[in-house]
Amino acid sequence: MKVKSLPRYYLADQLPPRPRNAHKGDFGRVLVVAGSRGMAGAAILSARAALKAGAGLVTVACPESERKIIACALPEAMTFGAACSGGTFTAGAAAQVAAFARAKKINVLLLGPGLGASKGARAFALKLLAALDLPAVVDADALNALAAGPRPFKLKAAPAIFTPHPGEAERLLGKKVTDRPAAAAALARLLGGTAVLKGPGTLICDGKTILKNSSGGPALAKGGTGDVLAGLTAGFYAQNGLARGFSAQTALGTAALAVFLHGLCGELAAKKYTERCVLAGELLDFLPEALECL
């Protein structure tokens with residue numbers, strides 16, 4: 001499968017217009033299912049990124065024990081506290097979150113940032129993915145839950161975008177990643193969606209096409225930047241999907257857009273703070289300038 005570069009015109013086309021008479025419901029309802037004790041920041045970063053990307057309504061579903069922390073840090077988002085034990089979701093919380101998503105007519109699910117690696121959290125992630133038939137962005141600990149769970153994967157969430165870093169990709173594939181394009185294609189086939197294999201020259205693959213990102217750099221080699229990417233992806237996916245329909249094509253284009261802008265934010269932030277000093281939470285300050293580059 002030939003690797004293609006990301007042309008600017010293709011990326012710009014993934015940004016639907018925002019009519020002057022629009023309301024918040026027109027730009028998507030995103031449910032960010034994330035966070036656990038000690039990792040509430042992952043939920044905050046990803047939800048803020050979804051809002052900054054332009055999603056109309058963002059709700060964070062988190063363990064009830066962590067809800068106050070997240071609500072105080074992110075007043076623009078709504079919160080939903082679910083059953084938890086020791087600061088992490090219980091397996092039984094999946095039914096609560098699924099019922100909430102249906103009642104609130106959620107358009108896009110983001111699952112994974114900071115869920116934790118406990119058995120309960122992993123069972124929760126698998127149950128939720130099996131219960132919800134929603135377009136989804138699957139990231140971080142939700143990917144590890146899939147890797148540790150039964151094969152073949154049983155997902156109702158579709159069309160889905162999966163965002164593994166190399167370590168997560170190796171756990172999913174069950175082998176070392178030595179050929180990145182081949183690994184990206186294998187992930188797309190294995191997971192049945194769009195795979196975003198993160199790293200220098202991030203690859204985006206839907207099983208038919210592989211796109212290579214050119215933006216980014218070492219400023220992004222820091223904890224929390226992946227949470228920001230996941231949130232941007234979910235926020236853009238909600239808008240793009242509502243405007244054009246949720247499809248494999250929309251998922252591929254949205255993932256490519258989010259990856260490119262995320263990398264460009266890193267480049268712009270590094271010019272101000274140096275590549276050493278950029279924090280994940282500062283990336284979003286540069287999103288307006290990055291958007292103007294398209």
# chains A, B, ... in the order shown; residues from 1 in each chain; ligands from 1

call {"tool": "residues_around", "arguments": {"residues": "Arg151 (chain A)", "least_positions_apart": "2", "cutoff": "12 Å", "atoms": "only C-alpha atoms", "output": "list in words"}}
result
Leu126, Ala145, Leu146, Ala147, Ala148, Gly149, Phe153, Lys154, Leu155, Leu172, Leu173, Gly174, Leu190 and Leu191 of chain A

call {"tool": "residues_around", "arguments": {"residues": "region 76-90 of chain A", "least_positions_apart": "5", "cutoff": "6 Å", "atoms": "only C-alpha atoms", "output": "list in words"}}
result
Ser36, Arg37, Val58, Thr59, Val60, Ala61, Cys62, Pro63, Glu64, Ser65, Arg67, Gly120 and Ala121 of chain A

call {"tool": "atom_distance", "arguments": {"atom1": "CA of Arg20 (chain A)", "atom2": "CA of Asn107 (chain A)"}}
result
21.7 Å

call {"tool": "select_by_dssp", "arguments": {"residues": "region 7-250 of chain A", "states": "alpha helix (DSSP H)", "output": "PyMOL selection string"}}
result
chain A and resi 8-12+40-53+67-73+93-103+119-131+140-148+166-173+180-191+225-244+248-250

call {"tool": "closest_atom_pairs", "arguments": {"of": "region 39-158 of chain A", "to": "region 216-231 of chain A", "cutoff": "6 Å", "atoms": "only C-alpha atoms", "output": "Markdown table"}}
result
| residue | atom | partner | partner_atom | distance |
| --- | --- | --- | --- | --- |
| A:Ala42 | CA | A:Asp227 | CA | 5.8 |
| A:Leu45 | CA | A:Val228 | CA | 5.6 |
| A:Ser46 | CA | A:Gly231 | CA | 4.1 |
| A:Ala47 | CA | A:Gly231 | CA | 5.8 |
| A:Ala49 | CA | A:Gly231 | CA | 4.7 |
| A:Ala50 | CA | A:Gly231 | CA | 4.4 |

call {"tool": "residues_around", "arguments": {"residues": "Gly192 (chain A)", "least_positions_apart": "3", "cutoff": "9 Å", "atoms": "only C-alpha atoms", "output": "list of chain:residue names"}}
result
A:Leu155, A:Ala158, A:Pro159, A:Ala160, A:Leu187, A:Ala188, A:Arg189, A:Ala195, A:Asp206, A:Gly207

call {"tool": "select_by_dssp", "arguments": {"residues": "region 46-90 of chain A", "states": "strand (DSSP E or B)", "output": "VMD selection string"}}
result
chain A and resid 57 to 63 78 to 82 84 to 85 88 to 89

call {"tool": "write_last_selection", "arguments": {"atoms": "N, CA and C atoms", "output": "CSV table (one decimal), in the first residue's frame"}}
result
chain,number,residue,atom,x,y,z
A,57,LEU,N,-21.2,20.7,22.1
A,57,LEU,CA,-21.5,20.3,23.5
A,57,LEU,C,-20.6,19.2,23.9
A,58,VAL,N,-19.9,19.3,25.0
A,58,VAL,CA,-19.0,18.2,25.4
A,58,VAL,C,-19.3,17.9,26.9
A,59,THR,N,-19.5,16.6,27.1
A,59,THR,CA,-19.7,16.0,28.5
A,59,THR,C,-18.6,15.1,28.8
A,60,VAL,N,-18.1,15.2,30.0
A,60,VAL,CA,-17.1,14.2,30.5
A,60,VAL,C,-17.8,13.2,31.4
A,61,ALA,N,-17.8,12.0,31.0
A,61,ALA,CA,-18.3,10.9,31.9
A,61,ALA,C,-17.0,10.3,32.6
A,62,CYS,N,-17.0,10.4,33.9
A,62,CYS,CA,-15.9,10.0,34.7
A,62,CYS,C,-16.3,9.3,36.0
A,63,PRO,N,-15.4,8.7,36.7
A,63,PRO,CA,-15.7,8.1,38.0
A,63,PRO,C,-16.3,9.2,38.9
A,78,MET,N,-19.9,19.8,30.5
A,78,MET,CA,-20.8,19.1,31.5
A,78,MET,C,-20.1,17.9,32.0
A,79,THR,N,-20.6,17.4,33.1
A,79,THR,CA,-20.0,16.2,33.7
A,79,THR,C,-21.0,15.2,34.1
A,80,PHE,N,-20.7,13.9,34.1
A,80,PHE,CA,-21.6,12.8,34.5
A,80,PHE,C,-20.7,11.8,35.3
A,81,GLY,N,-21.1,11.7,36.6
A,81,GLY,CA,-20.3,10.8,37.4
A,81,GLY,C,-20.9,9.4,37.5
A,82,ALA,N,-20.1,8.4,37.2
A,82,ALA,CA,-20.6,7.0,37.2
A,82,ALA,C,-20.0,6.2,38.3
A,84,CYS,N,-18.0,3.9,40.7
A,84,CYS,CA,-16.5,3.7,40.7
A,84,CYS,C,-16.1,2.9,42.0
A,85,SER,N,-14.9,2.5,41.9
A,85,SER,CA,-14.3,1.8,43.1
A,85,SER,C,-12.8,2.2,43.1
A,88,THR,N,-11.6,4.4,40.0
A,88,THR,CA,-11.7,4.0,38.6
A,88,THR,C,-13.2,3.5,38.4
A,89,PHE,N,-13.5,3.5,37.1
A,89,PHE,CA,-14.9,2.9,36.7
A,89,PHE,C,-15.0,1.5,37.1

call {"tool": "atom_distance", "arguments": {"atom1": "CA of Pro164 (chain A)", "atom2": "CA of Ala142 (chain A)"}}
result
9.9 Å

call {"tool": "atom_distance", "arguments": {"atom1": "CA of Pro16 (chain A)", "atom2": "CA of Ala34 (chain A)"}}
result
27.1 Å

call {"tool": "closest_residue", "arguments": {"among": "A:Glu168, A:Pro75, A:Leu128, A:Gly28", "to": "Lys104 (chain A)", "atoms": "only C-alpha atoms"}}
result
A:Gly28

call {"tool": "closest_residue", "arguments": {"among": "A:Ala123, A:Ala53, A:Leu257, A:Ala238", "to": "Pro150 (chain A)", "atoms": "only C-alpha atoms"}}
result
A:Ala123
